[in-house]
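Trainee: Structure below; questions to follow.
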Amino acid sequence: MKYFDKTEQKAASVENQYLFTIAVSKRVRSIQEGAPILVEGIAQPEEQASEAAMTEFANGRIDYELDAKTKREN
């Protein structure tokens, strides 16, 4: 996977790797359900949803943030 190393670097730099993983997995699910992908070079997005999602996060096309409730709980 060509963006695996870049995704690992992104994961290492985030505050909470668990929440990062959840964000990526939610994006994978949405791509599998037909959401458009935001990066080039993915021939079959529904079959390569994990690669597409990891590439989007690695390239900064997708990001996430904690809501106020989640921040208070941490």
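Labels for the structure tokens follow display order: chains A, B, ..., residues from 1 in each chain, ligands from 1.
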So that I can see what lies close to Thr7 of chain A, please list as a ChimeraX atom specification the residues with an atom at most 9 Å from it, counting only C-alpha atoms and leaving out residues fewer than 3 positions away in the same chain.
Mentor: /A:3-4,10-12,54-55,57-59
Trainee: Can you write out the residues you just picked, keeping C-alpha atoms, as an mmCIF file, in the first residue's frame?
Mentor:
```cif
data_model
loop_
_atom_site.group_PDB
_atom_site.id
_atom_site.type_symbol
_atom_site.label_atom_id
_atom_site.label_comp_id
_atom_site.auth_asym_id
_atom_site.auth_seq_id
_atom_site.Cartn_x
_atom_site.Cartn_y
_atom_site.Cartn_z
ATOM 1 C CA TYR A 3 0.296 5.537 1.388
ATOM 2 C CA PHE A 4 0.632 3.208 4.365
ATOM 3 C CA LYS A 10 -0.242 10.875 10.486
ATOM 4 C CA ALA A 11 -1.509 8.405 13.103
ATOM 5 C CA ALA A 12 1.647 8.877 15.169
ATOM 6 C CA MET A 54 -6.083 6.004 4.332
ATOM 7 C CA THR A 55 -4.908 8.003 1.319
ATOM 8 C CA PHE A 57 -6.326 11.055 5.648
ATOM 9 C CA ALA A 58 -2.625 10.838 4.728
ATOM 10 C CA ASN A 59 -3.022 13.649 2.188
#
```
Trainee: From the DSSP assignment of the backbone, select every residue of chain A that is alpha helix (DSSP H), and format the answer as a ChimeraX atom specification.
Mentor: /A:4-13,17-32,49-58,68-73
Trainee: Take the residues that were just selected and, keeping C-alpha atoms, output them as a PDB file, in the first residue's frame.
Mentor:
```
ATOM      1  CA  PHE A   4       0.632   3.208   4.365  1.00  0.00           C
ATOM      2  CA  ASP A   5       3.819   4.874   5.670  1.00  0.00           C
ATOM      3  CA  LYS A   6       2.333   8.349   5.282  1.00  0.00           C
ATOM      4  CA  THR A   7      -0.813   7.229   7.118  1.00  0.00           C
ATOM      5  CA  GLU A   8       1.271   5.751   9.930  1.00  0.00           C
ATOM      6  CA  GLN A   9       3.093   9.079  10.301  1.00  0.00           C
ATOM      7  CA  LYS A  10      -0.242  10.875  10.486  1.00  0.00           C
ATOM      8  CA  ALA A  11      -1.509   8.405  13.103  1.00  0.00           C
ATOM      9  CA  ALA A  12       1.647   8.877  15.169  1.00  0.00           C
ATOM     10  CA  SER A  13       1.142  12.637  15.211  1.00  0.00           C
ATOM     11  CA  GLN A  17      -4.762   7.082  17.808  1.00  0.00           C
ATOM     12  CA  TYR A  18      -7.885   5.166  18.836  1.00  0.00           C
ATOM     13  CA  LEU A  19     -10.150   8.003  17.684  1.00  0.00           C
ATOM     14  CA  PHE A  20      -8.096   8.373  14.498  1.00  0.00           C
ATOM     15  CA  THR A  21      -8.669   4.688  13.752  1.00  0.00           C
ATOM     16  CA  ILE A  22     -12.400   5.081  14.324  1.00  0.00           C
ATOM     17  CA  ALA A  23     -12.479   8.102  11.993  1.00  0.00           C
ATOM     18  CA  VAL A  24     -10.698   6.157   9.239  1.00  0.00           C
ATOM     19  CA  SER A  25     -12.996   3.155   9.674  1.00  0.00           C
ATOM     20  CA  LYS A  26     -16.089   5.381   9.433  1.00  0.00           C
ATOM     21  CA  ARG A  27     -14.708   6.858   6.235  1.00  0.00           C
ATOM     22  CA  VAL A  28     -14.070   3.353   4.853  1.00  0.00           C
ATOM     23  CA  ARG A  29     -17.691   2.462   5.561  1.00  0.00           C
ATOM     24  CA  SER A  30     -18.991   5.588   3.855  1.00  0.00           C
ATOM     25  CA  ILE A  31     -16.881   4.874   0.747  1.00  0.00           C
ATOM     26  CA  GLN A  32     -18.179   1.290   0.671  1.00  0.00           C
ATOM     27  CA  ALA A  49     -12.140   1.573   0.349  1.00  0.00           C
ATOM     28  CA  SER A  50      -9.504   1.178   3.060  1.00  0.00           C
ATOM     29  CA  GLU A  51      -6.730   2.337   0.720  1.00  0.00           C
ATOM     30  CA  ALA A  52      -8.868   5.273  -0.424  1.00  0.00           C
ATOM     31  CA  ALA A  53      -9.684   6.330   3.147  1.00  0.00           C
ATOM     32  CA  MET A  54      -6.083   6.004   4.332  1.00  0.00           C
ATOM     33  CA  THR A  55      -4.908   8.003   1.319  1.00  0.00           C
ATOM     34  CA  GLU A  56      -7.454  10.741   2.023  1.00  0.00           C
ATOM     35  CA  PHE A  57      -6.326  11.055   5.648  1.00  0.00           C
ATOM     36  CA  ALA A  58      -2.625  10.838   4.728  1.00  0.00           C
ATOM     37  CA  ALA A  68     -17.074  19.307  23.262  1.00  0.00           C
ATOM     38  CA  LYS A  69     -18.651  16.318  25.056  1.00  0.00           C
ATOM     39  CA  THR A  70     -15.884  13.940  23.969  1.00  0.00           C
ATOM     40  CA  LYS A  71     -13.192  16.431  24.984  1.00  0.00           C
ATOM     41  CA  ARG A  72     -14.675  16.671  28.506  1.00  0.00           C
ATOM     42  CA  GLU A  73     -14.780  12.880  28.851  1.00  0.00           C
TER      43      GLU A  73
END
```
Trainee: Report, in Å with one decimal, the straight-line distance from atom CA of Glu15 of chain A to atom CA of Leu38 of chain A.
Mentor: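 Atom-to-atom, atom CA of Glu15 of chain A to atom CA of Leu38 of chain A, that is 24.0 Å.
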Trainee: Distance atom CA of Glu47 of chain A-atom CA of Ile62 of chain A, one decimal place?
Mentor: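 Atom CA of Ile62 of chain A lies at a distance of 19.3 Å from atom CA of Glu47 of chain A.
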Trainee: A:Gly34, A:Asn16, A:Val39, A:Glu46: which is nearest Gly60 of chain A, counting only C-alpha atoms?
Mentor: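 Between A:Gly34, A:Asn16, A:Val39, A:Glu46, the residue approaching Gly60 of chain A most closely is A:Val39.
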